[in-house]
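Notes follow the structure.
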Amino acid sequence: SGAATPLDPGAHWDAAAAAGPAARALRAGGSAIDRVRALTCLTQAIYYEAASEPDAGQRAVAQVVLNRVAHPAYPKTVCGVVYQGAERTTGCQFTFTCDGALARLPNRLFWLRAETVARAALAGAVYAPVGLATHYHTIAVHPAWADSLAFVGTIGAHRFYRFGGPAGAPATFNVAAYRGGEPVAAPPPRAPGAAAPDAALDPLAIERAFAQGYSAAQAGLPGPGPLTPSPMIPGAAAPGAARAAPGHAAPRYAPALQARGGDTLYTAQTLPESQGIRPEYAQSGQWIARPGT
């Protein structure tokens, strides 16, 4: 046969292979009230965002919500993620929470179907084809961020995206961060004067902040500021954190803790040096290199 026709350089492949690593299972915990609220909020998201979608489309929406719960840039509860930004006149993260859709009485059959998907997701079911996607939009629109995030694929009527760089790294997502504490499954009260979206929720700003924070951590420098979430799992020590390097930024304590003494609360003051402690252990509990020096 003749020479093969070269592929269109603008072509792309929408298969699941573009999704990257699958998310880890997140299982709803907390109190009975937490579990009911989480189920309600996730069912609402699935129903109002994808009621007419096939099972794959509904599972993909549920996975995006749970991926955000596990990501340090977003709230640590299902309801917190679903209703984030709904207190503003613009800027809600899921359109149904601020466009009046909640005033429509759900169709019972479709609601029960969405609830079945939500229940499975909160019991640990993972929808691998969307990987670690944290964003999506319908095929009818094209948000400004769509060309900058990593495109995962199209499932039903939605196109899914994930963060690039450290913000989208598998280690950034921590399913263990979910510990319940679900707020009420309803939009929060409108905040006075909240007419603009929260700039901190711009996905491109989040992606840049993680990249800057990661670069700073690699260089042993302070991060770029409060917008930057840690590119590592919350609670995990940074490489080399046990031996703070000279010039490392001092810990920042909450005002109440600072009033009680701040760093001195964690500095050994009364070591039992007269009770047979070996010399090499006499300074146990003190800084190896004091931060801020």
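Residues in the structure tokens are named by chain (A, B, ... in the order shown) and by number from 1 within that chain; ligands are numbered from 1 in the order shown.
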Could you list, as a PDB file with all heavy atoms, in the first residue's frame, every residue within 9 Å of Arg68 (chain A), counting only C-alpha atoms and ignoring same-chain residues fewer than 5 positions away?
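Full text of part-v4.pdb as output:
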```pdb
ATOM      1  N   GLN A  63     -16.350  11.566  41.122  1.00  0.00           N
ATOM      2  CA  GLN A  63     -14.911  11.440  41.362  1.00  0.00           C
ATOM      3  C   GLN A  63     -14.232  12.794  41.425  1.00  0.00           C
ATOM      4  O   GLN A  63     -13.318  13.008  42.233  1.00  0.00           O
ATOM      5  CB  GLN A  63     -14.264  10.591  40.266  1.00  0.00           C
ATOM      6  CG  GLN A  63     -12.823  10.194  40.567  1.00  0.00           C
ATOM      7  CD  GLN A  63     -12.731   9.336  41.811  1.00  0.00           C
ATOM      8  OE1 GLN A  63     -13.325   8.271  41.880  1.00  0.00           O
ATOM      9  NE2 GLN A  63     -11.980   9.794  42.801  1.00  0.00           N
ATOM     10  N   ALA A  73      -5.954  22.318  48.150  1.00  0.00           N
ATOM     11  CA  ALA A  73      -6.416  23.643  47.752  1.00  0.00           C
ATOM     12  C   ALA A  73      -7.909  23.827  47.966  1.00  0.00           C
ATOM     13  O   ALA A  73      -8.417  24.944  47.804  1.00  0.00           O
ATOM     14  CB  ALA A  73      -6.073  23.893  46.279  1.00  0.00           C
ATOM     15  N   TYR A  74      -8.612  22.762  48.347  1.00  0.00           N
ATOM     16  CA  TYR A  74     -10.069  22.808  48.446  1.00  0.00           C
ATOM     17  C   TYR A  74     -10.522  22.372  49.836  1.00  0.00           C
ATOM     18  O   TYR A  74      -9.746  21.802  50.602  1.00  0.00           O
ATOM     19  CB  TYR A  74     -10.690  21.922  47.363  1.00  0.00           C
ATOM     20  CG  TYR A  74     -10.370  22.404  45.968  1.00  0.00           C
ATOM     21  CD1 TYR A  74      -9.316  21.839  45.251  1.00  0.00           C
ATOM     22  CD2 TYR A  74     -11.089  23.450  45.397  1.00  0.00           C
ATOM     23  CE1 TYR A  74      -8.993  22.309  43.978  1.00  0.00           C
ATOM     24  CE2 TYR A  74     -10.781  23.918  44.131  1.00  0.00           C
ATOM     25  CZ  TYR A  74      -9.729  23.346  43.429  1.00  0.00           C
ATOM     26  OH  TYR A  74      -9.415  23.815  42.184  1.00  0.00           O
ATOM     27  N   PRO A  75     -11.792  22.630  50.179  1.00  0.00           N
ATOM     28  CA  PRO A  75     -12.290  22.230  51.504  1.00  0.00           C
ATOM     29  C   PRO A  75     -12.143  20.740  51.758  1.00  0.00           C
ATOM     30  O   PRO A  75     -12.078  19.933  50.821  1.00  0.00           O
ATOM     31  CB  PRO A  75     -13.775  22.636  51.449  1.00  0.00           C
ATOM     32  CG  PRO A  75     -13.824  23.748  50.456  1.00  0.00           C
ATOM     33  CD  PRO A  75     -12.803  23.386  49.407  1.00  0.00           C
ATOM     34  N   LYS A  76     -12.108  20.375  53.025  1.00  0.00           N
ATOM     35  CA  LYS A  76     -11.873  18.978  53.415  1.00  0.00           C
ATOM     36  C   LYS A  76     -13.165  18.214  53.648  1.00  0.00           C
ATOM     37  O   LYS A  76     -13.147  17.157  54.281  1.00  0.00           O
ATOM     38  CB  LYS A  76     -11.035  18.937  54.695  1.00  0.00           C
ATOM     39  CG  LYS A  76      -9.626  19.499  54.552  1.00  0.00           C
ATOM     40  CD  LYS A  76      -8.795  18.734  53.543  1.00  0.00           C
ATOM     41  CE  LYS A  76      -8.728  19.471  52.219  1.00  0.00           C
ATOM     42  NZ  LYS A  76      -8.191  18.676  51.125  1.00  0.00           N
ATOM     43  N   VAL A  78     -17.152  17.039  51.802  1.00  0.00           N
ATOM     44  CA  VAL A  78     -17.887  16.914  50.547  1.00  0.00           C
ATOM     45  C   VAL A  78     -18.791  18.128  50.344  1.00  0.00           C
ATOM     46  O   VAL A  78     -18.795  18.757  49.276  1.00  0.00           O
ATOM     47  CB  VAL A  78     -18.708  15.609  50.521  1.00  0.00           C
ATOM     48  CG1 VAL A  78     -19.550  15.531  49.245  1.00  0.00           C
ATOM     49  CG2 VAL A  78     -17.787  14.399  50.630  1.00  0.00           C
ATOM     50  N   VAL A  81     -16.835  21.291  49.495  1.00  0.00           N
ATOM     51  CA  VAL A  81     -16.410  21.337  48.094  1.00  0.00           C
ATOM     52  C   VAL A  81     -17.583  21.700  47.190  1.00  0.00           C
ATOM     53  O   VAL A  81     -17.492  22.570  46.319  1.00  0.00           O
ATOM     54  CB  VAL A  81     -15.795  19.988  47.667  1.00  0.00           C
ATOM     55  CG1 VAL A  81     -15.736  19.866  46.148  1.00  0.00           C
ATOM     56  CG2 VAL A  81     -14.403  19.826  48.262  1.00  0.00           C
ATOM     57  N   LEU A 132      -7.104  11.918  38.300  1.00  0.00           N
ATOM     58  CA  LEU A 132      -7.093  12.907  39.373  1.00  0.00           C
ATOM     59  C   LEU A 132      -7.699  14.229  38.903  1.00  0.00           C
ATOM     60  O   LEU A 132      -7.307  15.304  39.369  1.00  0.00           O
ATOM     61  CB  LEU A 132      -5.658  13.123  39.866  1.00  0.00           C
ATOM     62  CG  LEU A 132      -5.016  11.890  40.516  1.00  0.00           C
ATOM     63  CD1 LEU A 132      -3.530  12.125  40.768  1.00  0.00           C
ATOM     64  CD2 LEU A 132      -5.717  11.532  41.815  1.00  0.00           C
ATOM     65  N   ALA A 133      -8.666  14.161  38.008  1.00  0.00           N
ATOM     66  CA  ALA A 133      -9.306  15.370  37.491  1.00  0.00           C
ATOM     67  C   ALA A 133      -9.980  16.151  38.613  1.00  0.00           C
ATOM     68  O   ALA A 133     -10.602  15.576  39.502  1.00  0.00           O
ATOM     69  CB  ALA A 133     -10.336  15.010  36.426  1.00  0.00           C
ATOM     70  N   THR A 134      -9.854  17.466  38.563  1.00  0.00           N
ATOM     71  CA  THR A 134     -10.477  18.343  39.553  1.00  0.00           C
ATOM     72  C   THR A 134     -11.412  19.355  38.899  1.00  0.00           C
ATOM     73  O   THR A 134     -12.059  20.143  39.603  1.00  0.00           O
ATOM     74  CB  THR A 134      -9.413  19.114  40.346  1.00  0.00           C
ATOM     75  OG1 THR A 134      -8.486  19.719  39.423  1.00  0.00           O
ATOM     76  CG2 THR A 134      -8.646  18.192  41.285  1.00  0.00           C
ATOM     77  N   HIS A 135     -11.494  19.350  37.568  1.00  0.00           N
ATOM     78  CA  HIS A 135     -12.307  20.327  36.858  1.00  0.00           C
ATOM     79  C   HIS A 135     -13.005  19.670  35.674  1.00  0.00           C
ATOM     80  O   HIS A 135     -12.495  18.712  35.090  1.00  0.00           O
ATOM     81  CB  HIS A 135     -11.441  21.487  36.336  1.00  0.00           C
ATOM     82  CG  HIS A 135     -10.881  22.348  37.417  1.00  0.00           C
ATOM     83  ND1 HIS A 135      -9.797  21.957  38.192  1.00  0.00           N
ATOM     84  CD2 HIS A 135     -11.243  23.585  37.872  1.00  0.00           C
ATOM     85  CE1 HIS A 135      -9.519  22.922  39.064  1.00  0.00           C
ATOM     86  NE2 HIS A 135     -10.385  23.900  38.885  1.00  0.00           N
ATOM     87  N   PHE A 173      -2.596  14.590  46.619  1.00  0.00           N
ATOM     88  CA  PHE A 173      -3.943  14.203  47.022  1.00  0.00           C
ATOM     89  C   PHE A 173      -3.875  13.290  48.246  1.00  0.00           C
ATOM     90  O   PHE A 173      -3.183  12.275  48.231  1.00  0.00           O
ATOM     91  CB  PHE A 173      -4.649  13.480  45.872  1.00  0.00           C
ATOM     92  CG  PHE A 173      -4.901  14.356  44.680  1.00  0.00           C
ATOM     93  CD1 PHE A 173      -3.883  14.634  43.775  1.00  0.00           C
ATOM     94  CD2 PHE A 173      -6.154  14.919  44.460  1.00  0.00           C
ATOM     95  CE1 PHE A 173      -4.115  15.443  42.676  1.00  0.00           C
ATOM     96  CE2 PHE A 173      -6.396  15.729  43.360  1.00  0.00           C
ATOM     97  CZ  PHE A 173      -5.369  15.996  42.468  1.00  0.00           C
TER      98      PHE A 173
END
```
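Within the 7 Å cut-off around Gly181 (chain A), using only C-alpha atoms and omitting residues fewer than 5 positions from it on the same chain, the listed residues are A:Gly30, A:Asp34, A:Thr77.
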For Arg27 (chain A), work out the shell of residues within 6 Å, counting only C-alpha atoms and skipping chain neighbours fewer than 2 positions away, then give it as a list in words.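 The filter keeps Leu122, Ala123 and Gly124 of chain A.
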As a PyMOL selection string, please: the residues near Gly85 (chain A) (cut-off 12 Å, only C-alpha atoms, same-chain neighbours under 6 positions excluded). chain A and resi 74-75+79+91-98+187-191+194-202
Exercise. Quick one: of A:Thr264, A:Gln44, A:Ser31, A:Ser148, who's nearest to Leu105 (chain A), counting only C-alpha atoms?
Worked result: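 Of all the options, A:Gln44 lies closest to Leu105 (chain A).
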Among A:Gly57, A:Arg104, A:Ala120, A:Thr40, Gly153 (chain A) is approached most closely, using only C-alpha atoms, by A:Gly57
What separates CA of Ala205 (chain A) and CA of Arg88 (chain A) is a distance of 19.1 Å
Based on DSSP run over this structure's backbone, return all residues of region 66-156 of chain A in helix (DSSP H, G or I), as a PDB file with N, CA, C and O atoms, in the first residue's frame.
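Result went into states.pdb, see below:
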```
ATOM      1  N   LEU A  66     -14.754  14.196  44.909  1.00  0.00           N
ATOM      2  CA  LEU A  66     -13.907  13.549  45.910  1.00  0.00           C
ATOM      3  C   LEU A  66     -12.433  13.871  45.688  1.00  0.00           C
ATOM      4  O   LEU A  66     -11.662  13.955  46.653  1.00  0.00           O
ATOM      5  N   ASN A  67     -12.027  14.060  44.439  1.00  0.00           N
ATOM      6  CA  ASN A  67     -10.645  14.472  44.179  1.00  0.00           C
ATOM      7  C   ASN A  67     -10.375  15.832  44.802  1.00  0.00           C
ATOM      8  O   ASN A  67      -9.284  16.084  45.336  1.00  0.00           O
ATOM      9  N   ARG A  68     -11.356  16.708  44.749  1.00  0.00           N
ATOM     10  CA  ARG A  68     -11.175  18.015  45.378  1.00  0.00           C
ATOM     11  C   ARG A  68     -11.115  17.903  46.902  1.00  0.00           C
ATOM     12  O   ARG A  68     -10.342  18.623  47.545  1.00  0.00           O
ATOM     13  N   VAL A  69     -11.912  17.041  47.472  1.00  0.00           N
ATOM     14  CA  VAL A  69     -11.862  16.839  48.925  1.00  0.00           C
ATOM     15  C   VAL A  69     -10.452  16.420  49.341  1.00  0.00           C
ATOM     16  O   VAL A  69      -9.940  16.838  50.388  1.00  0.00           O
ATOM     17  N   ALA A  70      -9.813  15.609  48.524  1.00  0.00           N
ATOM     18  CA  ALA A  70      -8.475  15.101  48.844  1.00  0.00           C
ATOM     19  C   ALA A  70      -7.366  16.089  48.501  1.00  0.00           C
ATOM     20  O   ALA A  70      -6.215  15.887  48.910  1.00  0.00           O
ATOM     21  N   VAL A  78     -17.152  17.039  51.802  1.00  0.00           N
ATOM     22  CA  VAL A  78     -17.887  16.914  50.547  1.00  0.00           C
ATOM     23  C   VAL A  78     -18.791  18.128  50.344  1.00  0.00           C
ATOM     24  O   VAL A  78     -18.795  18.757  49.276  1.00  0.00           O
ATOM     25  N   CYS A  79     -19.561  18.498  51.369  1.00  0.00           N
ATOM     26  CA  CYS A  79     -20.443  19.652  51.250  1.00  0.00           C
ATOM     27  C   CYS A  79     -19.657  20.945  51.075  1.00  0.00           C
ATOM     28  O   CYS A  79     -20.086  21.854  50.356  1.00  0.00           O
ATOM     29  N   GLY A  80     -18.512  21.035  51.731  1.00  0.00           N
ATOM     30  CA  GLY A  80     -17.673  22.218  51.565  1.00  0.00           C
ATOM     31  C   GLY A  80     -17.208  22.392  50.136  1.00  0.00           C
ATOM     32  O   GLY A  80     -17.180  23.507  49.607  1.00  0.00           O
ATOM     33  N   VAL A  81     -16.835  21.291  49.495  1.00  0.00           N
ATOM     34  CA  VAL A  81     -16.410  21.337  48.094  1.00  0.00           C
ATOM     35  C   VAL A  81     -17.583  21.700  47.190  1.00  0.00           C
ATOM     36  O   VAL A  81     -17.492  22.570  46.319  1.00  0.00           O
ATOM     37  N   VAL A  82     -18.703  21.016  47.383  1.00  0.00           N
ATOM     38  CA  VAL A  82     -19.861  21.215  46.499  1.00  0.00           C
ATOM     39  C   VAL A  82     -20.370  22.651  46.578  1.00  0.00           C
ATOM     40  O   VAL A  82     -20.714  23.263  45.554  1.00  0.00           O
ATOM     41  N   THR A  95     -22.253  25.108  39.310  1.00  0.00           N
ATOM     42  CA  THR A  95     -23.250  26.094  38.907  1.00  0.00           C
ATOM     43  C   THR A  95     -24.595  25.916  39.600  1.00  0.00           C
ATOM     44  O   THR A  95     -25.259  26.900  39.958  1.00  0.00           O
ATOM     45  N   PHE A  96     -25.006  24.684  39.829  1.00  0.00           N
ATOM     46  CA  PHE A  96     -26.342  24.457  40.389  1.00  0.00           C
ATOM     47  C   PHE A  96     -26.511  25.055  41.774  1.00  0.00           C
ATOM     48  O   PHE A  96     -27.634  25.271  42.233  1.00  0.00           O
ATOM     49  N   THR A  97     -25.399  25.334  42.473  1.00  0.00           N
ATOM     50  CA  THR A  97     -25.497  25.851  43.834  1.00  0.00           C
ATOM     51  C   THR A  97     -25.845  27.330  43.884  1.00  0.00           C
ATOM     52  O   THR A  97     -26.132  27.850  44.969  1.00  0.00           O
ATOM     53  N   ALA A 101     -31.140  26.282  40.524  1.00  0.00           N
ATOM     54  CA  ALA A 101     -31.527  24.910  40.196  1.00  0.00           C
ATOM     55  C   ALA A 101     -32.069  24.161  41.406  1.00  0.00           C
ATOM     56  O   ALA A 101     -32.928  23.283  41.269  1.00  0.00           O
ATOM     57  N   LEU A 102     -31.587  24.500  42.593  1.00  0.00           N
ATOM     58  CA  LEU A 102     -32.022  23.794  43.798  1.00  0.00           C
ATOM     59  C   LEU A 102     -33.489  24.027  44.114  1.00  0.00           C
ATOM     60  O   LEU A 102     -34.076  23.295  44.927  1.00  0.00           O
ATOM     61  N   ALA A 103     -34.092  25.039  43.484  1.00  0.00           N
ATOM     62  CA  ALA A 103     -35.517  25.307  43.721  1.00  0.00           C
ATOM     63  C   ALA A 103     -36.407  24.305  42.998  1.00  0.00           C
ATOM     64  O   ALA A 103     -37.601  24.210  43.300  1.00  0.00           O
ATOM     65  N   ARG A 108     -37.821  11.730  41.492  1.00  0.00           N
ATOM     66  CA  ARG A 108     -37.457  10.691  42.454  1.00  0.00           C
ATOM     67  C   ARG A 108     -36.617   9.586  41.817  1.00  0.00           C
ATOM     68  O   ARG A 108     -35.615   9.152  42.387  1.00  0.00           O
ATOM     69  N   LEU A 109     -37.001   9.112  40.635  1.00  0.00           N
ATOM     70  CA  LEU A 109     -36.272   8.021  39.990  1.00  0.00           C
ATOM     71  C   LEU A 109     -34.828   8.420  39.695  1.00  0.00           C
ATOM     72  O   LEU A 109     -33.889   7.684  40.000  1.00  0.00           O
ATOM     73  N   PHE A 110     -34.644   9.625  39.143  1.00  0.00           N
ATOM     74  CA  PHE A 110     -33.298  10.083  38.810  1.00  0.00           C
ATOM     75  C   PHE A 110     -32.497  10.397  40.078  1.00  0.00           C
ATOM     76  O   PHE A 110     -31.281  10.223  40.113  1.00  0.00           O
ATOM     77  N   TRP A 111     -33.201  10.881  41.115  1.00  0.00           N
ATOM     78  CA  TRP A 111     -32.505  11.150  42.374  1.00  0.00           C
ATOM     79  C   TRP A 111     -31.960   9.854  42.981  1.00  0.00           C
ATOM     80  O   TRP A 111     -30.817   9.805  43.427  1.00  0.00           O
ATOM     81  N   LEU A 112     -32.774   8.814  42.999  1.00  0.00           N
ATOM     82  CA  LEU A 112     -32.327   7.544  43.562  1.00  0.00           C
ATOM     83  C   LEU A 112     -31.169   6.969  42.764  1.00  0.00           C
ATOM     84  O   LEU A 112     -30.260   6.337  43.331  1.00  0.00           O
ATOM     85  N   ARG A 113     -31.184   7.187  41.477  1.00  0.00           N
ATOM     86  CA  ARG A 113     -30.073   6.707  40.642  1.00  0.00           C
ATOM     87  C   ARG A 113     -28.783   7.455  40.991  1.00  0.00           C
ATOM     88  O   ARG A 113     -27.716   6.857  41.155  1.00  0.00           O
ATOM     89  N   ALA A 114     -28.876   8.787  41.126  1.00  0.00           N
ATOM     90  CA  ALA A 114     -27.708   9.580  41.515  1.00  0.00           C
ATOM     91  C   ALA A 114     -27.237   9.202  42.907  1.00  0.00           C
ATOM     92  O   ALA A 114     -26.027   9.138  43.182  1.00  0.00           O
ATOM     93  N   GLU A 115     -28.169   8.924  43.815  1.00  0.00           N
ATOM     94  CA  GLU A 115     -27.807   8.544  45.175  1.00  0.00           C
ATOM     95  C   GLU A 115     -27.059   7.213  45.196  1.00  0.00           C
ATOM     96  O   GLU A 115     -26.134   7.026  45.999  1.00  0.00           O
ATOM     97  N   THR A 116     -27.434   6.296  44.318  1.00  0.00           N
ATOM     98  CA  THR A 116     -26.736   5.014  44.242  1.00  0.00           C
ATOM     99  C   THR A 116     -25.276   5.222  43.842  1.00  0.00           C
ATOM    100  O   THR A 116     -24.357   4.607  44.409  1.00  0.00           O
ATOM    101  N   VAL A 117     -25.044   6.102  42.875  1.00  0.00           N
ATOM    102  CA  VAL A 117     -23.672   6.403  42.452  1.00  0.00           C
ATOM    103  C   VAL A 117     -22.910   7.070  43.597  1.00  0.00           C
ATOM    104  O   VAL A 117     -21.751   6.726  43.871  1.00  0.00           O
ATOM    105  N   ALA A 118     -23.553   8.022  44.284  1.00  0.00           N
ATOM    106  CA  ALA A 118     -22.892   8.724  45.390  1.00  0.00           C
ATOM    107  C   ALA A 118     -22.550   7.777  46.526  1.00  0.00           C
ATOM    108  O   ALA A 118     -21.466   7.832  47.113  1.00  0.00           O
ATOM    109  N   ARG A 119     -23.471   6.874  46.839  1.00  0.00           N
ATOM    110  CA  ARG A 119     -23.246   5.937  47.941  1.00  0.00           C
ATOM    111  C   ARG A 119     -22.038   5.043  47.649  1.00  0.00           C
ATOM    112  O   ARG A 119     -21.205   4.787  48.518  1.00  0.00           O
ATOM    113  N   ALA A 120     -21.928   4.589  46.393  1.00  0.00           N
ATOM    114  CA  ALA A 120     -20.797   3.739  46.021  1.00  0.00           C
ATOM    115  C   ALA A 120     -19.484   4.509  46.096  1.00  0.00           C
ATOM    116  O   ALA A 120     -18.464   3.997  46.585  1.00  0.00           O
ATOM    117  N   ALA A 121     -19.494   5.759  45.624  1.00  0.00           N
ATOM    118  CA  ALA A 121     -18.276   6.567  45.649  1.00  0.00           C
ATOM    119  C   ALA A 121     -17.805   6.817  47.075  1.00  0.00           C
ATOM    120  O   ALA A 121     -16.601   6.754  47.375  1.00  0.00           O
ATOM    121  N   LEU A 122     -18.738   7.088  47.989  1.00  0.00           N
ATOM    122  CA  LEU A 122     -18.378   7.353  49.381  1.00  0.00           C
ATOM    123  C   LEU A 122     -18.003   6.079  50.133  1.00  0.00           C
ATOM    124  O   LEU A 122     -17.465   6.144  51.238  1.00  0.00           O
ATOM    125  N   ALA A 128     -11.680   5.280  37.676  1.00  0.00           N
ATOM    126  CA  ALA A 128     -10.325   5.486  37.173  1.00  0.00           C
ATOM    127  C   ALA A 128     -10.226   6.304  35.890  1.00  0.00           C
ATOM    128  O   ALA A 128      -9.227   7.012  35.696  1.00  0.00           O
ATOM    129  N   PRO A 129     -11.197   6.241  34.953  1.00  0.00           N
ATOM    130  CA  PRO A 129     -11.026   6.973  33.691  1.00  0.00           C
ATOM    131  C   PRO A 129     -10.834   8.476  33.811  1.00  0.00           C
ATOM    132  O   PRO A 129     -10.323   9.096  32.882  1.00  0.00           O
ATOM    133  N   VAL A 130     -11.232   9.099  34.927  1.00  0.00           N
ATOM    134  CA  VAL A 130     -10.975  10.537  35.069  1.00  0.00           C
ATOM    135  C   VAL A 130      -9.735  10.808  35.905  1.00  0.00           C
ATOM    136  O   VAL A 130      -9.360  11.961  36.101  1.00  0.00           O
ATOM    137  N   ALA A 144     -11.894  29.903  30.289  1.00  0.00           N
ATOM    138  CA  ALA A 144     -10.566  30.445  30.008  1.00  0.00           C
ATOM    139  C   ALA A 144      -9.452  29.505  30.446  1.00  0.00           C
ATOM    140  O   ALA A 144      -8.372  29.486  29.849  1.00  0.00           O
ATOM    141  N   TRP A 145      -9.707  28.704  31.500  1.00  0.00           N
ATOM    142  CA  TRP A 145      -8.652  27.838  32.016  1.00  0.00           C
ATOM    143  C   TRP A 145      -8.495  26.542  31.226  1.00  0.00           C
ATOM    144  O   TRP A 145      -7.535  25.796  31.428  1.00  0.00           O
ATOM    145  N   ALA A 146      -9.437  26.249  30.333  1.00  0.00           N
ATOM    146  CA  ALA A 146      -9.467  24.939  29.680  1.00  0.00           C
ATOM    147  C   ALA A 146      -8.218  24.655  28.843  1.00  0.00           C
ATOM    148  O   ALA A 146      -7.780  23.504  28.736  1.00  0.00           O
ATOM    149  N   ASP A 147      -7.625  25.682  28.253  1.00  0.00           N
ATOM    150  CA  ASP A 147      -6.457  25.460  27.405  1.00  0.00           C
ATOM    151  C   ASP A 147      -5.168  25.329  28.206  1.00  0.00           C
ATOM    152  O   ASP A 147      -4.120  25.007  27.639  1.00  0.00           O
TER     153      ASP A 147
END
```
For Tyr136 (chain A), the closest of A:Tyr253, A:Phe163, A:Tyr83, A:Tyr178 counting only C-alpha atoms is A:Phe163
One decimal place gives the CA of Pro72 (chain A)-CA of Pro255 (chain A) separation as 22.6 Å
Neighbour list for Arg159 (chain A) as a list of chain:residue names, cut-off 8 Å, only C-alpha atoms, skip fewer than 6 positions in-chain
A:Tyr136, A:His137, A:Thr138, A:Ile139, A:Phe151, A:Val152, A:Gly153
Figure out the distance between CA of Ala140 (chain A) and CA of Gly156 (chain A), please, to one decimal in Å.
->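 Going from CA of Gly156 (chain A) over to CA of Ala140 (chain A) covers 12.0 Å.
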Open item on the list: I'd like to know which of A:Gln212, A:Val65, A:His158, A:Glu87 is closest to Cys41 (chain A), using only C-alpha atoms.
Closed with: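 The shortest atom-to-atom distance to Cys41 (chain A) comes from A:Val65.
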